[in-house]
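What follows is data.csv (CSV, C-alpha atoms (C1' of nucleotides)).
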```csv
chain,number,residue,atom,x,y,z
A,1,MET,CA,1.9,1.2,-45.5
A,2,LYS,CA,2.0,-2.1,-43.6
A,3,ILE,CA,1.4,-2.3,-39.9
A,4,GLY,CA,5.1,-2.5,-39.0
A,5,GLU,CA,5.8,0.7,-40.9
A,6,LEU,CA,2.9,2.5,-39.3
A,7,ALA,CA,4.1,1.2,-35.9
A,8,LYS,CA,7.5,2.8,-36.5
A,9,ALA,CA,6.1,6.0,-37.9
A,10,THR,CA,3.9,6.6,-34.8
A,11,ASP,CA,6.2,5.0,-32.2
A,12,THR,CA,3.5,2.4,-31.3
A,13,GLN,CA,3.7,-1.3,-30.9
A,14,VAL,CA,2.2,-3.5,-33.6
A,15,GLU,CA,0.1,-5.3,-31.1
A,16,THR,CA,-1.2,-2.0,-29.8
A,17,ILE,CA,-2.4,-1.0,-33.2
A,18,ARG,CA,-4.2,-4.3,-33.6
A,19,TYR,CA,-5.7,-3.8,-30.2
A,20,TYR,CA,-7.0,-0.3,-31.1
A,21,GLU,CA,-8.6,-1.8,-34.2
A,22,ARG,CA,-10.2,-4.6,-32.1
A,23,ILE,CA,-11.8,-2.1,-29.7
A,24,GLY,CA,-13.0,0.0,-32.5
A,25,LEU,CA,-10.7,3.0,-31.8
A,26,LEU,CA,-8.9,2.8,-35.1
A,27,SER,CA,-10.9,1.8,-38.1
A,28,ALA,CA,-10.0,-1.4,-39.9
A,29,PRO,CA,-7.8,-0.7,-42.9
A,30,GLY,CA,-7.9,-2.5,-46.3
A,31,ARG,CA,-6.1,-5.8,-46.8
A,32,SER,CA,-3.5,-6.9,-49.3
A,33,ALA,CA,-3.8,-10.1,-51.3
A,34,ALA,CA,-1.9,-11.8,-48.5
A,35,ASN,CA,-4.3,-10.5,-45.9
A,36,TYR,CA,-1.9,-7.9,-44.6
A,37,ARG,CA,-3.3,-4.7,-43.2
A,38,ILE,CA,-2.6,-1.7,-45.5
A,39,TYR,CA,-2.8,1.7,-44.0
A,40,ASP,CA,-3.1,5.1,-45.6
A,41,PRO,CA,-2.1,8.6,-44.3
A,42,SER,CA,-5.5,9.1,-42.7
A,43,HIS,CA,-4.9,6.1,-40.5
A,44,ARG,CA,-1.6,7.5,-39.6
A,45,SER,CA,-2.8,10.9,-38.5
A,46,ARG,CA,-5.7,9.3,-36.5
A,47,LEU,CA,-3.2,7.0,-34.8
A,48,SER,CA,-1.0,10.0,-34.0
A,49,PHE,CA,-3.9,11.7,-32.5
A,50,ILE,CA,-4.7,8.7,-30.3
A,51,ARG,CA,-1.1,8.2,-29.2
A,52,HIS,CA,-0.7,11.9,-28.4
A,53,SER,CA,-3.8,11.8,-26.4
A,54,ARG,CA,-2.7,8.7,-24.5
A,55,GLN,CA,0.6,10.4,-23.8
A,56,LEU,CA,-1.4,13.2,-22.2
A,57,GLY,CA,-3.2,10.6,-20.1
A,58,PHE,CA,-6.6,10.7,-21.7
A,59,THR,CA,-8.6,7.5,-21.3
A,60,ILE,CA,-9.7,5.5,-24.3
A,61,ASP,CA,-13.2,6.7,-23.7
A,62,ASP,CA,-12.1,10.3,-23.7
A,63,ILE,CA,-10.3,9.7,-26.9
A,64,ARG,CA,-13.3,8.2,-28.5
A,65,SER,CA,-15.2,11.4,-27.7
A,66,LEU,CA,-12.4,13.6,-28.9
A,67,LEU,CA,-12.1,11.8,-32.2
A,68,ASP,CA,-15.8,12.0,-32.6
A,69,LEU,CA,-15.6,15.8,-32.2
A,70,ALA,CA,-12.7,16.0,-34.6
A,71,ASP,CA,-14.9,14.2,-37.1
A,72,HIS,CA,-17.8,16.6,-36.7
A,73,PRO,CA,-16.5,20.1,-37.3
A,74,GLU,CA,-19.9,21.6,-36.8
A,75,ARG,CA,-20.1,20.6,-33.2
A,76,ASP,CA,-19.4,22.8,-30.2
A,77,CYS,CA,-15.8,22.9,-29.2
A,78,ALA,CA,-16.8,23.3,-25.5
A,79,GLU,CA,-17.2,19.6,-25.3
A,80,ALA,CA,-13.5,19.1,-26.0
A,81,ASP,CA,-12.6,21.7,-23.4
A,82,ASN,CA,-14.8,19.9,-20.9
A,83,ILE,CA,-13.0,16.7,-21.4
A,84,THR,CA,-9.7,18.3,-21.1
A,85,THR,CA,-10.6,20.3,-18.0
A,86,ARG,CA,-12.0,17.2,-16.3
A,87,HIS,CA,-8.9,15.3,-17.1
A,88,LEU,CA,-6.8,18.1,-15.8
A,89,ARG,CA,-8.6,18.0,-12.5
A,90,GLN,CA,-8.0,14.3,-12.2
A,91,VAL,CA,-4.3,14.8,-12.9
A,92,GLU,CA,-4.1,17.5,-10.3
A,93,ALA,CA,-5.9,15.2,-7.8
A,94,LYS,CA,-3.4,12.5,-8.5
A,95,ILE,CA,-0.5,14.8,-8.0
A,96,SER,CA,-1.7,16.0,-4.7
A,97,HIS,CA,-2.4,12.4,-3.6
A,98,LEU,CA,1.1,11.3,-4.6
A,99,THR,CA,2.7,14.3,-3.0
A,100,ARG,CA,1.1,13.4,0.4
A,101,LEU,CA,2.3,9.8,-0.2
A,102,ARG,CA,5.8,11.0,-0.9
A,103,ASP,CA,6.0,13.1,2.3
A,104,GLU,CA,4.9,10.2,4.3
A,105,LEU,CA,7.4,7.9,2.7
A,106,VAL,CA,10.2,10.4,3.3
A,107,ARG,CA,9.2,10.4,6.9
A,108,VAL,CA,9.0,6.6,7.1
A,109,SER,CA,12.3,5.9,5.4
A,110,GLY,CA,14.1,8.6,7.4
A,111,ARG,CA,13.4,6.5,10.4
A,112,CYS,CA,15.7,3.7,9.4
A,113,ARG,CA,19.0,3.7,11.3
A,114,GLY,CA,20.2,0.3,10.0
A,115,GLY,CA,20.5,-2.7,12.3
A,116,LEU,CA,18.2,-5.6,12.8
A,117,SER,CA,14.8,-5.8,11.4
A,118,SER,CA,13.4,-6.4,14.8
A,119,ASP,CA,14.2,-2.8,15.6
A,120,CYS,CA,13.3,-1.6,12.2
A,121,GLN,CA,11.3,1.6,12.4
A,122,VAL,CA,10.1,1.2,8.9
A,123,ILE,CA,8.4,-2.0,9.7
A,124,GLU,CA,7.3,-0.7,13.0
A,125,THR,CA,5.6,2.2,11.3
A,126,LEU,CA,3.9,0.1,8.7
A,127,ALA,CA,2.6,-2.1,11.5
A,128,ASP,CA,1.2,0.7,13.5
A,129,HIS,CA,-0.8,3.3,11.7
A,130,GLY,CA,-0.7,5.5,14.8
A,131,HIS,CA,2.9,6.4,13.8
A,132,CYS,CA,1.7,8.4,10.9
A,133,THR,CA,1.4,12.1,10.9
A,134,ALA,CA,-1.3,12.5,8.4
A,135,LYS,CA,-4.1,10.2,7.4
A,136,HIS,CA,-3.6,8.8,3.9
A,137,GLU,CA,-5.9,6.9,1.8
B,1,MET,CA,-13.6,-13.1,14.5
B,2,LYS,CA,-15.5,-13.7,11.3
B,3,ILE,CA,-14.5,-12.2,8.0
B,4,GLY,CA,-17.0,-9.4,8.1
B,5,GLU,CA,-15.8,-8.3,11.5
B,6,LEU,CA,-12.2,-8.3,10.4
B,7,ALA,CA,-13.2,-6.4,7.3
B,8,LYS,CA,-14.9,-3.7,9.5
B,9,ALA,CA,-12.0,-3.6,11.9
B,10,THR,CA,-9.4,-3.0,9.2
B,11,ASP,CA,-11.5,-1.0,6.8
B,12,THR,CA,-11.1,-3.6,4.1
B,13,GLN,CA,-13.6,-5.2,1.8
B,14,VAL,CA,-14.5,-8.9,2.5
B,15,GLU,CA,-13.6,-9.8,-1.1
B,16,THR,CA,-10.2,-8.2,-0.7
B,17,ILE,CA,-9.4,-10.3,2.3
B,18,ARG,CA,-10.3,-13.5,0.5
B,19,TYR,CA,-8.2,-12.2,-2.4
B,20,TYR,CA,-5.2,-11.7,-0.2
B,21,GLU,CA,-5.6,-15.2,1.1
B,22,ARG,CA,-5.9,-16.6,-2.4
B,23,ILE,CA,-2.7,-15.0,-3.5
B,24,GLY,CA,-0.9,-16.1,-0.3
B,25,LEU,CA,-0.5,-12.7,1.2
B,26,LEU,CA,-2.6,-13.4,4.3
B,27,SER,CA,-2.4,-16.9,5.7
B,28,ALA,CA,-5.5,-19.1,5.7
B,29,PRO,CA,-7.3,-18.9,9.0
B,30,GLY,CA,-9.1,-21.8,10.8
B,31,ARG,CA,-12.7,-22.6,9.9
B,32,SER,CA,-15.8,-22.9,12.0
B,33,ALA,CA,-18.1,-26.0,11.9
B,34,ALA,CA,-20.0,-24.2,9.2
B,35,ASN,CA,-16.8,-23.6,7.2
B,36,TYR,CA,-16.6,-19.9,8.1
B,37,ARG,CA,-13.2,-18.3,8.3
B,38,ILE,CA,-12.3,-17.5,11.9
B,39,TYR,CA,-9.5,-15.0,12.4
B,40,ASP,CA,-7.4,-14.2,15.5
B,41,PRO,CA,-5.6,-11.0,16.5
B,42,SER,CA,-2.4,-12.0,14.6
B,43,HIS,CA,-4.4,-12.0,11.4
B,44,ARG,CA,-5.8,-8.7,12.2
B,45,SER,CA,-2.4,-7.0,12.7
B,46,ARG,CA,-1.0,-8.6,9.6
B,47,LEU,CA,-3.9,-7.3,7.6
B,48,SER,CA,-3.4,-3.9,9.1
B,49,PHE,CA,0.2,-4.0,8.0
B,50,ILE,CA,-0.8,-4.9,4.5
B,51,ARG,CA,-3.5,-2.3,4.2
B,52,HIS,CA,-1.3,0.4,5.6
B,53,SER,CA,1.4,-0.5,3.1
B,54,ARG,CA,-1.0,-0.5,0.3
B,55,GLN,CA,-2.2,3.0,1.3
B,56,LEU,CA,1.4,4.0,1.0
B,57,GLY,CA,1.4,2.6,-2.5
B,58,PHE,CA,3.7,-0.4,-2.0
B,59,THR,CA,3.0,-3.2,-4.5
B,60,ILE,CA,1.9,-6.6,-3.3
B,61,ASP,CA,5.3,-7.9,-4.1
B,62,ASP,CA,7.0,-5.2,-1.9
B,63,ILE,CA,4.6,-6.1,0.8
B,64,ARG,CA,5.5,-9.8,0.6
B,65,SER,CA,9.1,-8.8,1.2
B,66,LEU,CA,8.3,-6.4,4.0
B,67,LEU,CA,6.2,-9.1,5.7
B,68,ASP,CA,9.0,-11.5,5.3
B,69,LEU,CA,11.4,-9.2,7.0
B,70,ALA,CA,8.9,-8.5,9.8
B,71,ASP,CA,8.8,-12.3,10.3
B,72,HIS,CA,12.6,-12.6,10.5
B,73,PRO,CA,13.8,-10.1,13.2
B,74,GLU,CA,17.4,-11.3,12.8
B,75,ARG,CA,17.7,-10.0,9.2
B,76,ASP,CA,19.2,-6.7,8.2
B,77,CYS,CA,16.8,-3.8,8.3
B,78,ALA,CA,18.6,-2.2,5.3
B,79,GLU,CA,16.4,-4.4,3.0
B,80,ALA,CA,13.3,-2.7,4.3
B,81,ASP,CA,14.9,0.7,3.7
B,82,ASN,CA,15.9,-0.3,0.2
B,83,ILE,CA,12.3,-1.2,-0.7
B,84,THR,CA,11.0,2.0,0.8
B,85,THR,CA,13.6,4.2,-0.9
B,86,ARG,CA,13.0,2.5,-4.3
B,87,HIS,CA,9.3,3.0,-3.9
B,88,LEU,CA,9.9,6.6,-2.9
B,89,ARG,CA,11.9,7.2,-6.1
B,90,GLN,CA,9.1,5.7,-8.2
B,91,VAL,CA,6.5,8.0,-6.5
B,92,GLU,CA,8.8,11.0,-7.2
B,93,ALA,CA,9.1,10.0,-10.8
B,94,LYS,CA,5.4,9.7,-11.1
B,95,ILE,CA,4.9,13.1,-9.6
B,96,SER,CA,7.3,14.7,-12.0
B,97,HIS,CA,5.7,12.9,-14.9
B,98,LEU,CA,2.2,14.0,-13.9
B,99,THR,CA,3.4,17.6,-13.3
B,100,ARG,CA,4.7,17.8,-16.8
B,101,LEU,CA,1.4,16.4,-18.0
B,102,ARG,CA,-0.5,18.9,-16.0
B,103,ASP,CA,1.5,21.8,-17.5
B,104,GLU,CA,0.9,20.6,-21.0
B,105,LEU,CA,-2.8,20.1,-20.3
B,106,VAL,CA,-3.1,23.6,-18.9
B,107,ARG,CA,-1.5,24.9,-22.0
B,108,VAL,CA,-3.8,22.8,-24.2
B,109,SER,CA,-7.0,23.7,-22.5
B,110,GLY,CA,-6.0,27.4,-22.4
B,111,ARG,CA,-6.2,27.4,-26.1
B,112,CYS,CA,-9.9,26.8,-26.3
B,113,ARG,CA,-11.8,30.0,-27.2
B,114,GLY,CA,-15.1,28.3,-27.7
B,115,GLY,CA,-16.8,28.1,-31.1
B,116,LEU,CA,-16.8,25.3,-33.6
B,117,SER,CA,-14.8,22.1,-33.2
B,118,SER,CA,-13.4,22.7,-36.7
B,119,ASP,CA,-11.5,25.6,-35.2
B,120,CYS,CA,-10.8,23.9,-31.9
B,121,GLN,CA,-7.3,24.4,-30.8
B,122,VAL,CA,-7.6,21.5,-28.3
B,123,ILE,CA,-8.2,19.1,-31.1
B,124,GLU,CA,-5.7,20.8,-33.3
B,125,THR,CA,-3.1,20.4,-30.7
B,126,LEU,CA,-3.8,16.7,-30.1
B,127,ALA,CA,-3.6,16.1,-33.8
B,128,ASP,CA,-0.3,17.7,-34.2
B,129,HIS,CA,2.4,16.9,-31.8
B,130,GLY,CA,4.5,19.8,-33.1
B,131,HIS,CA,2.2,22.2,-31.1
B,132,CYS,CA,3.7,20.9,-27.8
B,133,THR,CA,6.3,22.8,-25.9
B,134,ALA,CA,7.9,19.9,-24.2
B,135,LYS,CA,8.2,16.3,-25.3
B,136,HIS,CA,6.2,14.0,-23.1
B,137,GLU,CA,6.0,10.3,-22.8
C,1,DG,C1',-41.9,-24.3,13.0
C,2,DC,C1',-41.2,-21.2,9.4
C,3,DT,C1',-39.7,-17.3,7.2
C,4,DT,C1',-36.8,-13.3,6.6
C,5,DG,C1',-32.6,-11.1,6.4
C,6,DA,C1',-27.8,-10.7,7.2
C,7,DC,C1',-24.0,-13.0,6.8
C,8,DC,C1',-20.9,-16.7,4.9
C,9,DC,C1',-19.0,-20.0,1.0
C,10,DT,C1',-16.8,-21.1,-3.9
C,11,DG,C1',-15.8,-20.0,-8.4
C,12,DT,C1',-15.5,-17.2,-12.2
C,13,DA,C1',-15.5,-12.9,-15.0
C,14,DG,C1',-14.6,-8.1,-15.4
C,15,DC,C1',-12.1,-3.5,-15.1
C,16,DA,C1',-7.8,-0.5,-18.2
C,17,DG,C1',-4.7,-0.7,-21.5
C,18,DC,C1',-2.0,-3.0,-23.2
C,19,DT,C1',1.7,-7.1,-23.8
C,20,DA,C1',3.1,-11.6,-24.9
C,21,DC,C1',2.8,-15.7,-26.5
C,22,DA,C1',1.5,-20.0,-29.7
C,23,DG,C1',1.0,-21.6,-34.0
C,24,DG,C1',0.7,-20.6,-38.4
C,25,DG,C1',1.3,-18.0,-43.3
C,26,DT,C1',4.0,-14.6,-46.7
C,27,DG,C1',7.8,-12.4,-49.1
C,28,DC,C1',12.3,-11.5,-50.3
C,29,DA,C1',17.3,-12.4,-50.5
C,30,DT,C1',21.0,-15.6,-50.7
D,1,DA,C1',15.8,-24.3,-50.9
D,2,DT,C1',16.3,-22.0,-46.9
D,3,DG,C1',16.6,-18.6,-43.8
D,4,DC,C1',14.8,-14.5,-41.9
D,5,DA,C1',11.8,-10.7,-41.1
D,6,DC,C1',7.5,-9.7,-41.2
D,7,DC,C1',2.4,-10.6,-41.1
D,8,DC,C1',-2.0,-13.2,-39.4
D,9,DT,C1',-5.6,-14.9,-35.5
D,10,DG,C1',-6.7,-16.1,-31.0
D,11,DT,C1',-6.0,-16.3,-26.3
D,12,DA,C1',-4.0,-15.6,-21.8
D,13,DG,C1',-1.5,-12.6,-18.8
D,14,DC,C1',-0.3,-8.3,-16.1
D,15,DT,C1',-2.2,-5.2,-11.2
D,16,DG,C1',-5.2,-5.1,-7.5
D,17,DC,C1',-9.0,-5.6,-6.7
D,18,DT,C1',-14.5,-5.8,-7.5
D,19,DA,C1',-18.8,-7.9,-8.7
D,20,DC,C1',-21.5,-11.2,-9.6
D,21,DA,C1',-24.0,-16.1,-9.6
D,22,DG,C1',-25.6,-19.7,-7.1
D,23,DG,C1',-25.6,-21.7,-3.0
D,24,DG,C1',-25.3,-22.7,2.6
D,25,DT,C1',-25.8,-20.9,7.8
D,26,DC,C1',-27.7,-18.7,11.6
D,27,DA,C1',-30.3,-15.9,14.8
D,28,DA,C1',-34.5,-13.2,15.5
D,29,DG,C1',-39.3,-12.5,15.1
D,30,DC,C1',-44.0,-14.2,14.0
```
Hey, can you dump this file as structure tokens for me?
Amino acid sequence: MKIGELAKATDTQVETIRYYERIGLLSAPGRSAANYRIYDPSHRSRLSFIRHSRQLGFTIDDIRSLLDLADHPERDCAEADNITTRHLRQVEAKISHLTRLRDELVRVSGRCRGGLSSDCQVIETLADHGHCTAKHE
Amino acid sequence: MKIGELAKATDTQVETIRYYERIGLLSAPGRSAANYRIYDPSHRSRLSFIRHSRQLGFTIDDIRSLLDLADHPERDCAEADNITTRHLRQVEAKISHLTRLRDELVRVSGRCRGGLSSDCQVIETLADHGHCTAKHE
DNA sequence: GCTTGACCCTGTAGCAGCTACAGGGTGCAT
DNA sequence: ATGCACCCTGTAGCTGCTACAGGGTCAAGC
């Protein structure tokens, strides 16, 4: 299949596929006489794997390791679990950070009573960190 | 004060301060005879405002608008509230996205029973989107 | 008076993960 | 023959910094 078909089949942008090839995540396929990339089903499943992993938020580097494991069936599966668990911890950390952020934003935006920006409590709060309940970084 | 002192006072990196000046977020201060940047208290409070807003996750563009409002006390405060509310919605969307991600990751990593990567359910799941409970983008 | 070290300067390149051109070639239908 | 959709390469841009390289300045200590 040509790159556009692969793109449609995997819900990926054409440019993204070429990008994955450039960084060595997806192996270079054969070429047609007109120098068009021609992909086979193995490319398709590999790209699906990559896209799925990206949707789950894995980094490109993580995906490299995961693909490597998938290519070596004799290796220990624990490695895959390590990557997943580490990633899960990071996602959880992000959630808790954003939750604190959200609480602070609710507090800040609740202060707006309309009127002139000279009296704006939102702007006031941003100017003076002392108005905050919690520390946030 | 010199840039290093301002950096310490506002818990900002020196390079970040120069970056803010370069992108026009922080106005260029005067210079000493040796061409050193010399800041006054107004720069300090402006930078505090910026840093505080960044900690709350506002984009540089949002901060530009917020600073603009702070500079024009006769303008309507509603604009500041709009920016804050919009940002709050985005944070909430991010939280719910990450929460769905987390649930899926818990499900995926729970499948690992150790053993060879050829039997790895983690890798299996990544390869086949059909294993997922929910759709995730 | 000379060196050492901490600070300051400019300018540029890098990070992640794409995305968006510009400027060109190919293939098929009308 | 011409139009259009697709393909190619190469490079620059996005966000918000961060990290150099390669140089100047200044005060303290010997």
Item checked: Check: which chain D residues lie within 9 Å of chain B using all atoms listed in the file, as a PyMOL selection string -> chain D and resi 15-18+24-25
Rows by chain and residue number, chain C within 9 Å of chain B, shortest pair, all atoms listed in the file, as JSON lines:
```
{"residue": "C:DC7", "atom": "C1'", "partner": "B:Gly4", "partner_atom": "CA", "distance": 8.0}
{"residue": "C:DC8", "atom": "C1'", "partner": "B:Tyr36", "partner_atom": "CA", "distance": 6.2}
{"residue": "C:DC9", "atom": "C1'", "partner": "B:Tyr36", "partner_atom": "CA", "distance": 7.5}
```
Next item on the list: Compute the set of chain A residues within 8 Å of chain B, using only C-alpha atoms, and express it as a PyMOL selection string.
Entry: chain A and resi 45-46+48-49+52-53+55-57+66+69-70+72-78+80-81+84-85+88+91-92+94-95+98-99+101-102+104-106+109+112+114-120+122-123+126-129+136-137
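In this structure, atom CA of B:Arg44 sits 6.7 Å away from atom CA of B:Leu6.
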Notebook entry, point to check: Taking into account all atoms listed in the file, which residue in the set C:DC28, C:DC18, C:DT10, C:DG23 is nearest to D:DG13?
Noted result: C:DC18
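Here atom C1' of D:DC26 stands at a distance of 18.6 Å from atom CA of B:Tyr39.
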Margin query: as a list in words, please: the residues near C:DT4 (cut-off 12 Å, all atoms listed in the file, same-chain neighbours under 6 positions excluded).
Written below: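 Answer for this query is DC26, DA27, DA28, DG29 and DC30 of chain D.
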Item checked: Gap from atom CA of B:Arg31 to atom CA of B:Asp68 - Å, one decimal ->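 Result for atom CA of B:Arg31 versus atom CA of B:Asp68: 24.8 Å, one decimal.
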